[in-house]
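Here is start_20.cif, consisting of mmCIF, C-alpha atoms:
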```cif
data_input
loop_
_atom_site.label_atom_id
_atom_site.label_comp_id
_atom_site.auth_asym_id
_atom_site.auth_seq_id
_atom_site.Cartn_x
_atom_site.Cartn_y
_atom_site.Cartn_z
CA MET A 29 -15.57 -21.16 -18.17
CA ASN A 30 -19.11 -20.00 -17.52
CA ASN A 31 -18.56 -16.30 -18.09
CA TRP A 32 -22.18 -15.42 -17.37
CA LYS A 33 -21.83 -16.57 -13.77
CA ILE A 34 -18.63 -14.70 -13.00
CA LYS A 35 -20.05 -11.61 -14.73
CA THR A 36 -23.14 -11.82 -12.52
CA SER A 37 -20.88 -12.13 -9.50
CA LEU A 38 -18.89 -9.03 -10.51
CA PHE A 39 -22.14 -7.09 -10.88
CA LEU A 40 -23.29 -8.11 -7.39
CA ASN A 41 -19.90 -7.32 -5.82
CA TYR A 42 -20.01 -3.86 -7.34
CA PHE A 43 -23.64 -3.44 -6.30
CA VAL A 44 -23.07 -4.09 -2.60
CA PHE A 45 -19.95 -1.93 -2.41
CA ALA A 46 -21.77 0.86 -4.21
CA ILE A 47 -24.24 0.91 -1.32
CA LEU A 48 -21.50 0.86 1.32
CA LEU A 49 -19.11 3.34 -0.29
CA ASN A 50 -21.63 5.95 -1.28
CA SER A 51 -23.52 5.81 1.97
CA VAL A 52 -20.88 8.34 3.05
CA GLY A 53 -23.13 11.23 1.97
CA THR A 54 -26.01 9.88 4.04
CA VAL A 55 -23.76 9.13 7.01
CA ILE A 56 -22.19 12.61 6.83
CA LEU A 57 -25.69 14.01 7.30
CA GLN A 58 -26.53 11.56 10.10
CA VAL A 59 -23.38 12.07 12.18
CA GLN A 60 -24.03 15.80 12.24
CA SER A 61 -27.34 15.03 13.96
CA ASN A 62 -26.27 12.03 16.07
CA TYR A 63 -22.83 13.08 17.25
CA GLY A 64 -22.90 16.88 16.85
CA VAL A 65 -19.97 17.14 14.46
CA THR A 66 -19.48 20.07 12.05
CA GLU A 67 -19.48 19.90 8.24
CA SER A 68 -15.68 20.12 8.06
CA SER A 69 -15.28 17.39 10.70
CA ALA A 70 -17.82 15.14 8.99
CA SER A 71 -15.94 15.48 5.70
CA ILE A 72 -13.08 13.45 7.22
CA LEU A 73 -15.17 10.30 6.67
CA GLU A 74 -14.37 10.58 2.98
CA ALA A 75 -10.67 10.59 3.84
CA PHE A 76 -10.96 7.46 6.00
CA LYS A 77 -12.67 5.73 3.09
CA ASP A 78 -10.52 6.97 0.24
CA LEU A 79 -7.10 6.97 1.88
CA SER A 80 -7.59 3.36 2.94
CA ILE A 81 -8.56 2.61 -0.67
CA ALA A 82 -5.38 4.29 -1.92
CA ILE A 83 -3.06 2.61 0.59
CA VAL A 84 -4.45 -0.90 0.17
CA SER A 85 -4.63 -0.51 -3.62
CA PHE A 86 -0.94 0.35 -3.71
CA PHE A 87 -0.05 -2.99 -2.15
CA ILE A 88 -2.80 -5.21 -3.55
CA ALA A 89 -2.23 -4.10 -7.15
CA SER A 90 1.33 -5.40 -6.93
CA TYR A 91 0.37 -8.64 -5.20
CA VAL A 92 -3.04 -9.55 -6.61
CA ASN A 93 -1.56 -11.47 -9.55
CA ARG A 94 0.03 -13.83 -7.03
CA ILE A 95 -2.91 -14.49 -4.71
CA GLY A 96 -5.55 -14.44 -7.45
CA TYR A 97 -8.43 -12.10 -8.23
CA LYS A 98 -11.12 -14.42 -6.88
CA LYS A 99 -9.38 -15.02 -3.55
CA ALA A 100 -8.86 -11.28 -3.07
CA MET A 101 -12.54 -10.59 -3.67
CA LEU A 102 -13.66 -13.36 -1.32
CA PHE A 103 -11.44 -12.03 1.46
CA ALA A 104 -12.78 -8.49 0.97
CA LEU A 105 -16.40 -9.65 1.13
CA GLY A 106 -15.81 -11.76 4.23
CA PHE A 107 -14.03 -8.95 6.05
CA ILE A 108 -16.57 -6.22 5.37
CA GLY A 109 -19.46 -8.56 6.17
CA LEU A 110 -17.99 -9.06 9.65
CA VAL A 111 -17.48 -5.30 10.17
CA CYS A 112 -21.10 -4.60 9.18
CA LEU A 113 -22.30 -7.07 11.83
CA ILE A 114 -20.20 -5.32 14.50
CA MET A 115 -21.09 -1.71 13.54
CA PRO A 116 -24.52 -1.33 15.29
CA SER A 117 -23.08 -2.46 18.63
CA PHE A 118 -20.63 0.45 18.85
CA PRO A 119 -22.39 3.72 17.91
CA GLY A 120 -20.02 6.68 17.76
CA PHE A 121 -18.07 8.88 15.37
CA MET A 122 -14.82 6.92 15.88
CA MET A 123 -16.50 3.64 14.97
CA THR A 124 -17.97 5.34 11.92
CA LYS A 125 -14.46 6.35 10.85
CA LEU A 126 -13.23 2.78 11.32
CA LEU A 127 -16.18 1.46 9.34
CA PHE A 128 -15.31 3.60 6.32
CA ALA A 129 -11.65 2.67 6.63
CA ALA A 130 -12.72 -0.99 6.46
CA ILE A 131 -15.05 -0.30 3.53
CA GLY A 132 -12.25 1.46 1.68
CA ALA A 133 -9.72 -1.30 2.29
CA SER A 134 -12.17 -3.97 1.15
CA PHE A 135 -13.25 -2.05 -1.92
CA ALA A 136 -9.63 -1.61 -2.97
CA MET A 137 -9.33 -5.38 -3.25
CA ILE A 138 -12.68 -5.64 -5.02
CA LYS A 139 -12.11 -2.89 -7.58
CA VAL A 140 -8.56 -3.89 -8.53
CA SER A 141 -9.71 -7.49 -8.93
CA VAL A 142 -12.87 -6.61 -10.85
CA PHE A 143 -11.09 -4.30 -13.30
CA ALA A 144 -8.39 -6.89 -13.91
CA THR A 145 -10.95 -9.70 -14.30
CA ILE A 146 -12.78 -7.79 -17.03
CA GLY A 147 -9.70 -8.17 -19.22
CA ILE A 148 -9.96 -11.96 -18.84
CA ILE A 149 -13.65 -12.38 -19.58
CA THR A 150 -14.00 -9.99 -22.55
CA ASN A 151 -12.74 -10.64 -26.08
CA ASP A 152 -11.93 -7.23 -27.59
CA LYS A 153 -11.79 -3.48 -26.96
CA LYS A 154 -15.42 -2.84 -27.85
CA GLU A 155 -16.68 -5.58 -25.55
CA HIS A 156 -14.33 -4.31 -22.84
CA ALA A 157 -15.65 -0.72 -23.13
CA SER A 158 -19.25 -1.91 -23.22
CA PHE A 159 -18.92 -4.17 -20.17
CA MET A 160 -17.04 -1.44 -18.28
CA ASN A 161 -19.92 0.98 -18.83
CA PHE A 162 -22.54 -1.60 -17.89
CA ILE A 163 -20.79 -2.57 -14.65
CA GLU A 164 -20.30 1.10 -13.75
CA SER A 165 -23.99 1.75 -14.48
CA PHE A 166 -24.88 -1.14 -12.16
CA PHE A 167 -22.65 0.50 -9.55
CA MET A 168 -24.95 3.52 -9.77
CA VAL A 169 -27.99 1.26 -9.38
CA GLY A 170 -26.41 0.14 -6.12
CA ILE A 171 -25.98 3.75 -5.02
CA LEU A 172 -29.60 4.47 -5.95
CA THR A 173 -30.81 1.46 -3.95
CA GLY A 174 -28.65 2.48 -1.00
CA TYR A 175 -30.36 5.85 -0.60
CA PHE A 176 -33.74 4.16 -0.16
CA ILE A 177 -32.36 1.43 2.10
CA PHE A 178 -30.75 3.95 4.44
CA SER A 179 -33.69 6.37 4.41
CA ALA A 180 -35.98 3.51 5.49
CA PHE A 181 -34.03 3.28 8.77
CA VAL A 182 -33.88 7.05 9.47
CA ASP A 183 -36.44 8.55 11.87
CA ASP A 184 -37.29 12.19 11.06
CA LYS A 185 -39.21 12.52 14.34
CA ASN A 186 -36.14 11.59 16.35
CA PRO A 187 -33.03 12.86 14.50
CA GLN A 188 -30.75 11.88 17.41
CA SER A 189 -31.77 8.22 17.24
CA THR A 190 -29.07 5.72 16.24
CA ASP A 191 -31.59 3.06 15.19
CA TRP A 192 -30.55 3.70 11.58
CA LEU A 193 -27.37 1.72 12.33
CA LYS A 194 -29.44 -1.45 12.13
CA VAL A 195 -29.24 -1.04 8.35
CA TYR A 196 -25.81 -2.69 8.59
CA TYR A 197 -27.38 -6.02 9.55
CA LEU A 198 -29.25 -5.97 6.24
CA LEU A 199 -26.10 -5.01 4.36
CA ALA A 200 -24.20 -7.86 6.01
CA GLY A 201 -26.84 -10.22 4.60
CA ILE A 202 -26.39 -8.86 1.07
CA VAL A 203 -22.61 -9.22 1.43
CA GLY A 204 -23.15 -12.85 2.45
CA ILE A 205 -25.11 -13.54 -0.73
CA ALA A 206 -22.37 -11.91 -2.83
CA PHE A 207 -19.76 -14.06 -1.09
CA LEU A 208 -21.62 -17.31 -1.82
CA LEU A 209 -22.23 -16.41 -5.46
CA LEU A 210 -18.57 -15.58 -6.03
CA LEU A 211 -17.46 -18.73 -4.22
CA SER A 212 -19.49 -20.83 -6.67
CA SER A 213 -18.39 -18.89 -9.79
CA PRO A 214 -15.52 -20.44 -11.81
CA LEU A 215 -12.76 -18.11 -12.98
CA ASP A 216 -9.76 -19.22 -15.01
CA GLU A 217 -6.86 -16.94 -14.02
CA SER A 218 -4.09 -19.08 -15.48
CA SER A 219 -3.34 -16.60 -18.29
CA VAL A 220 -2.53 -13.75 -15.90
CA LYS A 221 -1.51 -15.36 -12.62
CA ASN A 222 2.04 -14.61 -11.51
CA THR A 223 3.61 -17.87 -10.34
CA SER A 224 7.19 -16.58 -10.20
CA HIS A 225 9.18 -16.52 -6.98
CA GLN A 226 10.70 -13.12 -7.65
CA PRO A 227 10.71 -10.57 -4.81
CA LEU A 228 7.57 -8.50 -4.33
CA THR A 229 9.65 -5.39 -5.06
CA ASN A 230 9.71 -6.53 -8.70
CA ASP A 231 5.92 -6.26 -8.79
CA PHE A 232 6.10 -2.73 -7.37
CA ALA A 233 8.63 -1.88 -10.06
CA GLU A 234 6.23 -3.09 -12.75
CA MET A 235 3.52 -0.77 -11.44
CA PHE A 236 5.87 2.20 -11.27
CA LYS A 237 7.03 1.54 -14.83
CA LEU A 238 3.47 2.28 -15.92
CA ILE A 239 3.64 5.77 -14.41
CA ALA A 240 6.56 6.56 -16.72
CA LEU A 241 4.25 6.34 -19.74
CA PRO A 242 2.85 9.73 -20.90
CA ILE A 243 -0.57 8.19 -21.54
CA VAL A 244 -0.75 6.96 -17.94
CA ILE A 245 0.37 10.29 -16.51
CA VAL A 246 -2.40 12.15 -18.31
CA PHE A 247 -4.92 9.44 -17.49
CA VAL A 248 -4.33 9.46 -13.73
CA ALA A 249 -4.65 13.26 -13.72
CA SER A 250 -7.97 12.94 -15.58
CA ALA A 251 -9.27 10.23 -13.24
CA PHE A 252 -8.25 12.28 -10.18
CA ILE A 253 -10.10 15.38 -11.36
CA TYR A 254 -13.19 13.45 -12.46
CA VAL A 255 -13.63 11.71 -9.11
CA LEU A 256 -12.97 15.00 -7.33
CA ILE A 257 -15.99 16.44 -9.17
CA GLU A 258 -18.19 13.38 -8.71
CA GLN A 259 -17.58 12.91 -4.98
CA SER A 260 -17.79 16.61 -4.16
CA ILE A 261 -21.35 16.52 -5.48
CA MET A 262 -22.43 13.02 -4.49
CA SER A 263 -21.14 13.08 -0.90
CA TRP A 264 -22.64 16.47 -0.12
CA LEU A 265 -25.94 16.33 -2.00
CA PRO A 266 -27.95 15.00 0.99
CA THR A 267 -26.56 17.83 3.17
CA TYR A 268 -27.24 20.35 0.37
CA ASN A 269 -30.84 19.12 0.14
CA SER A 270 -31.27 19.40 3.90
CA LYS A 271 -29.48 22.68 4.69
CA VAL A 272 -29.89 24.68 1.48
CA LEU A 273 -33.19 23.39 0.07
CA HIS A 274 -34.66 22.74 3.57
CA LEU A 275 -35.89 19.19 2.99
CA PRO A 276 -36.51 16.78 5.89
CA GLN A 277 -33.56 14.43 6.47
CA THR A 278 -35.29 11.31 5.14
CA LEU A 279 -36.40 13.14 1.99
CA SER A 280 -32.94 14.70 1.59
CA ILE A 281 -31.44 11.21 1.44
CA GLN A 282 -34.12 9.80 -0.85
CA MET A 283 -33.96 12.65 -3.34
CA ALA A 284 -30.19 12.35 -3.62
CA SER A 285 -31.06 9.08 -5.38
CA ILE A 286 -31.97 11.14 -8.47
CA LEU A 287 -28.26 11.76 -8.98
CA ALA A 288 -27.52 8.03 -8.83
CA ALA A 289 -30.42 7.18 -11.13
CA SER A 290 -29.43 9.75 -13.74
CA THR A 291 -25.82 8.54 -13.61
CA ALA A 292 -26.89 4.91 -14.02
CA ILE A 293 -28.99 5.78 -17.08
CA GLY A 294 -26.18 7.89 -18.51
CA ARG A 295 -23.65 5.07 -18.19
CA PHE A 296 -26.03 2.51 -19.65
CA LEU A 297 -26.67 4.68 -22.70
CA ALA A 298 -22.96 5.46 -22.98
CA GLY A 299 -22.29 1.74 -23.26
CA ILE A 300 -24.26 1.87 -26.51
CA LEU A 301 -23.30 5.36 -27.72
CA LEU A 302 -19.54 4.97 -27.37
CA ARG A 303 -19.60 2.05 -29.82
CA LYS A 304 -20.54 4.50 -32.58
CA ILE A 305 -19.25 7.97 -31.62
CA ASN A 306 -15.75 9.21 -30.80
CA TRP A 307 -15.31 9.16 -27.02
CA LEU A 308 -13.66 12.60 -26.82
CA LEU A 309 -16.57 14.30 -28.59
CA VAL A 310 -19.06 12.64 -26.23
CA LEU A 311 -17.16 13.47 -23.03
CA VAL A 312 -16.31 17.10 -23.84
CA THR A 313 -19.90 17.79 -24.93
CA CYS A 314 -21.17 16.29 -21.68
CA LEU A 315 -18.83 18.44 -19.57
CA ILE A 316 -19.80 21.66 -21.33
CA ILE A 317 -23.50 20.97 -20.82
CA ALA A 318 -22.82 19.95 -17.19
CA GLY A 319 -21.17 23.32 -16.57
CA LEU A 320 -24.16 25.13 -18.04
CA LEU A 321 -26.45 23.05 -15.81
CA VAL A 322 -24.56 24.16 -12.69
CA ILE A 323 -24.78 27.82 -13.70
CA THR A 324 -28.51 27.69 -14.46
CA THR A 325 -29.85 25.41 -11.70
CA ILE A 326 -28.09 26.42 -8.48
CA PRO A 327 -29.83 29.85 -8.48
CA LEU A 328 -33.12 27.91 -8.25
CA ALA A 329 -32.21 27.22 -4.61
CA ASP A 330 -33.11 30.84 -3.81
CA LYS A 331 -36.77 29.97 -4.42
CA ALA A 332 -36.70 27.07 -1.95
CA GLY A 333 -37.59 27.18 1.74
CA HIS A 334 -40.73 29.33 1.52
CA GLU A 335 -43.17 26.42 1.77
CA VAL A 336 -43.45 23.38 4.02
CA ILE A 337 -41.97 20.36 2.22
CA THR A 338 -43.64 17.07 3.13
CA GLY A 339 -42.70 14.75 0.26
CA TRP A 340 -41.59 14.37 -3.35
CA SER A 341 -44.66 16.20 -4.64
CA THR A 342 -43.91 19.35 -2.63
CA ALA A 343 -40.12 19.38 -3.16
CA PRO A 344 -38.71 22.44 -4.99
CA LEU A 345 -37.75 22.24 -8.66
CA ALA A 346 -34.03 22.58 -7.82
CA THR A 347 -34.16 19.22 -6.03
CA PHE A 348 -35.07 17.47 -9.28
CA VAL A 349 -33.04 19.44 -11.83
CA PHE A 350 -29.54 19.76 -10.37
CA PRO A 351 -29.01 15.96 -9.84
CA MET A 352 -29.43 15.48 -13.58
CA ILE A 353 -25.77 16.47 -13.76
CA GLY A 354 -25.10 12.80 -13.07
CA PHE A 355 -26.43 11.91 -16.54
CA LEU A 356 -23.87 14.24 -18.12
CA LEU A 357 -20.89 13.20 -16.01
CA ALA A 358 -21.77 9.50 -16.26
CA PRO A 359 -19.83 8.41 -19.38
CA ILE A 360 -16.50 9.97 -18.39
CA TYR A 361 -15.07 7.60 -15.79
CA PRO A 362 -15.80 4.23 -17.43
CA ALA A 363 -14.79 5.58 -20.84
CA ILE A 364 -11.34 6.77 -19.81
CA ASN A 365 -10.78 3.63 -17.72
CA SER A 366 -11.57 1.45 -20.71
CA VAL A 367 -9.30 3.50 -22.99
CA ILE A 368 -6.28 3.11 -20.71
CA LEU A 369 -6.87 -0.58 -19.90
CA SER A 370 -7.46 -1.47 -23.55
CA SER A 371 -4.15 0.20 -24.42
CA LEU A 372 -2.20 -2.19 -22.16
CA PRO A 373 -1.57 -5.96 -22.32
CA PRO A 374 -3.88 -8.02 -20.03
CA LYS A 375 -1.03 -8.97 -17.66
CA LYS A 376 -0.63 -5.28 -16.81
CA HIS A 377 -4.31 -4.70 -16.04
CA GLY A 378 -3.90 -5.53 -12.36
CA TYR A 379 -1.15 -2.94 -11.96
CA MET A 380 -3.10 -0.34 -13.92
CA ALA A 381 -6.27 -1.07 -11.96
CA GLY A 382 -4.31 -0.32 -8.80
CA LEU A 383 -3.25 3.06 -10.13
CA ILE A 384 -6.85 3.78 -11.17
CA VAL A 385 -8.13 3.02 -7.68
CA ILE A 386 -5.34 4.95 -5.92
CA PHE A 387 -5.76 8.18 -7.86
CA SER A 388 -9.56 7.91 -7.87
CA ALA A 389 -9.51 7.58 -4.09
CA LEU A 390 -7.22 10.57 -3.68
CA GLY A 391 -9.48 12.59 -5.96
CA GLY A 392 -12.57 11.61 -3.97
CA THR A 393 -11.00 12.61 -0.66
CA THR A 394 -9.76 15.92 -2.03
CA GLY A 395 -13.14 16.78 -3.53
CA SER A 396 -15.13 15.96 -0.42
CA ILE A 397 -12.83 17.79 2.00
CA ILE A 398 -12.66 20.90 -0.19
CA THR A 399 -16.44 20.91 -0.60
CA GLY A 400 -17.03 20.36 3.13
CA ASN A 401 -14.83 23.29 4.07
CA ILE A 402 -16.34 25.60 1.45
CA PHE A 403 -19.81 24.45 2.56
CA GLN A 404 -19.06 25.41 6.16
CA ALA A 405 -17.34 28.70 5.34
CA TYR A 406 -19.38 30.04 2.42
CA GLY A 407 -22.51 27.90 2.13
CA GLY A 408 -23.76 25.06 -0.05
CA LYS A 409 -24.39 27.05 -3.22
CA THR A 410 -20.82 28.33 -3.35
CA ALA A 411 -19.53 24.83 -2.64
CA PHE A 412 -21.35 23.44 -5.67
CA TYR A 413 -20.36 26.37 -7.90
CA PHE A 414 -16.77 25.32 -7.19
CA SER A 415 -17.30 22.25 -9.41
CA LEU A 416 -16.98 24.53 -12.47
CA VAL A 417 -13.23 24.88 -11.85
CA PRO A 418 -12.31 21.16 -12.07
CA MET A 419 -14.79 20.69 -14.95
CA SER A 420 -12.87 23.22 -17.02
CA LEU A 421 -9.56 21.58 -16.15
CA LEU A 422 -10.91 18.13 -17.04
CA ILE A 423 -11.87 19.27 -20.56
CA LEU A 424 -8.26 20.31 -21.14
CA LEU A 425 -6.93 17.01 -19.74
CA LEU A 426 -9.25 14.92 -21.90
CA VAL A 427 -8.07 16.67 -25.07
CA ILE A 428 -4.45 15.97 -24.09
CA PHE A 429 -5.33 12.37 -23.16
CA TYR A 430 -6.94 11.82 -26.55
CA ARG A 431 -3.90 13.13 -28.43
CA VAL A 432 -1.46 11.05 -26.39
CA GLN A 433 -3.65 7.95 -26.75
CA LYS A 434 -3.68 8.28 -30.53
CA LYS A 435 0.12 8.29 -30.55
CA ALA A 436 0.40 5.32 -28.20
CA ASN A 437 -0.37 2.07 -29.98
CA GLU A 438 -0.35 -1.36 -28.35
CA PRO A 439 2.95 -2.65 -29.76
CA VAL A 440 4.79 0.44 -28.53
CA VAL A 441 3.19 0.29 -25.08
CA ASP A 442 3.83 -3.45 -24.81
CA THR A 443 7.49 -2.98 -25.73
CA LEU A 444 7.98 -0.31 -23.07
CA LEU A 445 6.50 -2.56 -20.41
CA THR A 446 8.39 -5.75 -21.10
#
```

I need this file expressed as structure tokens, please.
Amino acid sequence: MNNWKIKTSLFLNYFVFAILLNSVGTVILQVQSNYGVTESSASILEAFKDLSIAIVSFFIASYVNRIGYKKAMLFALGFIGLVCLIMPSFPGFMMTKLLFAAIGASFAMIKVSVFATIGIITNDKKEHASFMNFIESFFMVGILTGYFIFSAFVDDKNPQSTDWLKVYYLLAGIVGIAFLLLLSSPLDESSVKNTSHQPLTNDFAEMFKLIALPIVIVFVASAFIYVLIEQSIMSWLPTYNSKVLHLPQTLSIQMASILAASTAIGRFLAGILLRKINWLLVLVTCLIIAGLLVITTIPLADKAGHEVITGWSTAPLATFVFPMIGFLLAPIYPAINSVILSSLPPKKHGYMAGLIVIFSALGGTTGSIITGNIFQAYGGKTAFYFSLVPMSLLILLLVIFYRVQKKANEPVVDTLLT
């Protein structure tokens, strides 16, 4: 099997869905201008995206071993490519909701399949952890690219224009390339494919058996809280830049890319660092520094808005400093995902990937809706200060996760699952 080709395909799949998924922050800003919706109403887009991820993941995680990882990914790419082609013809808030529901459903199939495929194409725990960090860092490169792609189609002189929807034609083209690359990439799934004729309820039972494990219970709580933090910041940063720091809309979108860039760099370096240093020490240190960054940088917003901002060179300091939180939060998600997947036998990775996607999606929805409502009621600065609460809780969960993980060794876990 030519692993380099399937690995390249996984990178590209993640890249294109990074653009689509995390365009929600940009689109939240745009629908407020185009369709006159409020912050709390716009926050529902995150729910359409994440709840569809959770629902589809619940079913696909139990069934993906039967249909195959590659077929699931091909179907997801074909479906979302078609939706992207349709999107510009039906401008409106309802169509935007349906778009994100389609993106979420497709990504559920992609992410479950990608996470499970990593277990096939890597040889040991260290390679698994390294590849997980690299693919997650490439996900952030996709987010970074997406900010510039979308901002290129936004017209600051005519905020009500819906011409920015034409960006979806370009995205449909990228999806098409990803589809063709995956179609031509060989993947041997014989070691994990479920060829039994047992009822599908048996597959659901296998997934639910995972939730009975203490290590999985603590993990899903950690993943939920992490994504709550990440999405509450990422989805609302363009709006924060526009309404709190008073940047033009195009610049607000572009400068949100700093968060994606810092996260990508952080995950790339974590792929190297976590080979040598205990993961708990790295993650707790990052969270403590991230909390300090929130406390020290949000007050800088008080100095913004006194001068006309025309570009990157005239943007306030707060616009550059706060997004560096992405560098500190970056290692957490791929590290804990790798720990839990490496603790389970490869045949269980599909089920576990489903649980990862489900609870990550629920965390993302919760974080965005809470932030949107706080943003509307109390302002953007208070909304971002809120992130200190889940950060503190996550430190506690990671310590518990580490202790439980040390007690759970592979033979014990494997015995419980068979």

Please indicate the distance in Å from CA of Phe387 in chain A to CA of Asp78 in chain A, rounded to one decimal place.
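Taking CA of Phe387 in chain A as the start and CA of Asp78 in chain A as the end point, the length is 9.5 Å.
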
Just the residues within 12 Å of Leu421 in chain A, please, counting all atoms listed in the file, with nothing from its chain fewer than 5 positions along; format it as a list in words.
Ala249, Ser250, Ala251, Phe252, Ile253, Tyr254, Leu256, Ile257, Val312, Leu315, Ile316, Gly319, Ser415, Leu416, Leu426, Val427 and Ile428 of chain A

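Our summary of the geometry notes that CA of Phe135 in chain A is positioned 12.6 Å from CA of Phe76 in chain A.
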
Residues picked by the PyMOL selection byres ((chain A and resi 168) around 9) here, as an NGL selection string?
:A and (43 or 46-47 or 163-167 or 169-173 or 287-293 or 295)

I would like the residues chosen by the PyMOL selection byres ((chain A and resi 144) around 12) on the shown file; could you give them as number ranges by chain?
A: 38, 88-89, 92-93, 96-98, 100-101, 137-143, 145-150, 156, 160, 217, 219-221, 365-366, 369-370, 372-385

Which residues match the PyMOL selection byres ((chain A and resi 302) around 12) in the file above, as a ChimeraX atom specification?
/A:153-162,294-301,303-311,359-360,362-364,366-367

Closest contacts (range 243-293 of chain A/range 49-53 of chain A, max 7 Å, all atoms listed in the file) as a Markdown table:
```
| residue | atom | partner | partner_atom | distance |
| --- | --- | --- | --- | --- |
| A:Met262 | CA | A:Gly53 | CA | 6.7 |
| A:Ser263 | CA | A:Gly53 | CA | 4.0 |
| A:Trp264 | CA | A:Gly53 | CA | 5.7 |
| A:Pro266 | CA | A:Gly53 | CA | 6.2 |
```

Would you put the residues from that selection into a file with C-alpha atoms, as an mmCIF file, keeping the file's coordinate frame?
```
data_model
loop_
_atom_site.group_PDB
_atom_site.id
_atom_site.type_symbol
_atom_site.label_atom_id
_atom_site.label_comp_id
_atom_site.auth_asym_id
_atom_site.auth_seq_id
_atom_site.Cartn_x
_atom_site.Cartn_y
_atom_site.Cartn_z
ATOM 1 C CA MET A 262 -22.430 13.020 -4.490
ATOM 2 C CA SER A 263 -21.140 13.080 -0.900
ATOM 3 C CA TRP A 264 -22.640 16.470 -0.120
ATOM 4 C CA PRO A 266 -27.950 15.000 0.990
#
```

Pick from A:Ala104, A:Leu113, A:Val255, A:Ile261, whichever lies nearest to Leu422 in chain A using only C-alpha atoms
A:Val255

If I take CA of Tyr91 in chain A and CA of Asn41 in chain A, how far is one from the other in Å, to one decimal?
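The value is 20.3 Å.
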
Might you pull out every residue within 10 Å of Glu258 in chain A, with only C-alpha atoms counted and same-chain residues fewer than 6 positions away left off, and present them as a list of chain:residue names?
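Everything that qualifies: A:Ile353, A:Gly354, A:Leu357, A:Ala358, A:Tyr361, A:Gly391, A:Gly392, A:Gly395, A:Ser396, A:Ser415.
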
Counting only C-alpha atoms, the option among A:Gln277, A:Gln404, A:Ser341, A:Thr313 closest to Ser71 in chain A
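Answer, going by the shortest atom-to-atom distance: A:Gln404.
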
Please supply range 399-410 of chain A, rebuilt with N, CA and C atoms, as a PDB file, in the coordinates of the input.
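And here is the file that came out, selection20.pdb:
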```
ATOM      1  N   THR A 399     -15.024  20.535  -0.591  1.00  0.00           N
ATOM      2  CA  THR A 399     -16.440  20.910  -0.600  1.00  0.00           C
ATOM      3  C   THR A 399     -16.972  21.117   0.811  1.00  0.00           C
ATOM      4  N   GLY A 400     -16.579  20.229   1.743  1.00  0.00           N
ATOM      5  CA  GLY A 400     -17.030  20.360   3.130  1.00  0.00           C
ATOM      6  C   GLY A 400     -16.577  21.662   3.758  1.00  0.00           C
ATOM      7  N   ASN A 401     -15.349  22.040   3.495  1.00  0.00           N
ATOM      8  CA  ASN A 401     -14.830  23.290   4.070  1.00  0.00           C
ATOM      9  C   ASN A 401     -15.464  24.519   3.424  1.00  0.00           C
ATOM     10  N   ILE A 402     -15.663  24.477   2.112  1.00  0.00           N
ATOM     11  CA  ILE A 402     -16.340  25.600   1.450  1.00  0.00           C
ATOM     12  C   ILE A 402     -17.785  25.682   1.918  1.00  0.00           C
ATOM     13  N   PHE A 403     -18.415  24.511   2.083  1.00  0.00           N
ATOM     14  CA  PHE A 403     -19.810  24.450   2.560  1.00  0.00           C
ATOM     15  C   PHE A 403     -19.926  25.147   3.915  1.00  0.00           C
ATOM     16  N   GLN A 404     -19.006  24.834   4.823  1.00  0.00           N
ATOM     17  CA  GLN A 404     -19.060  25.410   6.160  1.00  0.00           C
ATOM     18  C   GLN A 404     -18.748  26.899   6.154  1.00  0.00           C
ATOM     19  N   ALA A 405     -17.790  27.306   5.327  1.00  0.00           N
ATOM     20  CA  ALA A 405     -17.340  28.700   5.340  1.00  0.00           C
ATOM     21  C   ALA A 405     -18.218  29.640   4.510  1.00  0.00           C
ATOM     22  N   TYR A 406     -18.694  29.154   3.350  1.00  0.00           N
ATOM     23  CA  TYR A 406     -19.380  30.040   2.420  1.00  0.00           C
ATOM     24  C   TYR A 406     -20.783  29.587   2.021  1.00  0.00           C
ATOM     25  N   GLY A 407     -21.164  28.380   2.445  1.00  0.00           N
ATOM     26  CA  GLY A 407     -22.510  27.900   2.130  1.00  0.00           C
ATOM     27  C   GLY A 407     -22.521  26.885   1.001  1.00  0.00           C
ATOM     28  N   GLY A 408     -23.643  26.159   0.899  1.00  0.00           N
ATOM     29  CA  GLY A 408     -23.760  25.060  -0.050  1.00  0.00           C
ATOM     30  C   GLY A 408     -23.747  25.477  -1.506  1.00  0.00           C
ATOM     31  N   LYS A 409     -24.350  26.615  -1.824  1.00  0.00           N
ATOM     32  CA  LYS A 409     -24.390  27.050  -3.220  1.00  0.00           C
ATOM     33  C   LYS A 409     -22.986  27.352  -3.743  1.00  0.00           C
ATOM     34  N   THR A 410     -22.194  28.039  -2.945  1.00  0.00           N
ATOM     35  CA  THR A 410     -20.820  28.330  -3.350  1.00  0.00           C
ATOM     36  C   THR A 410     -20.013  27.050  -3.493  1.00  0.00           C
TER      37      THR A 410
END
```
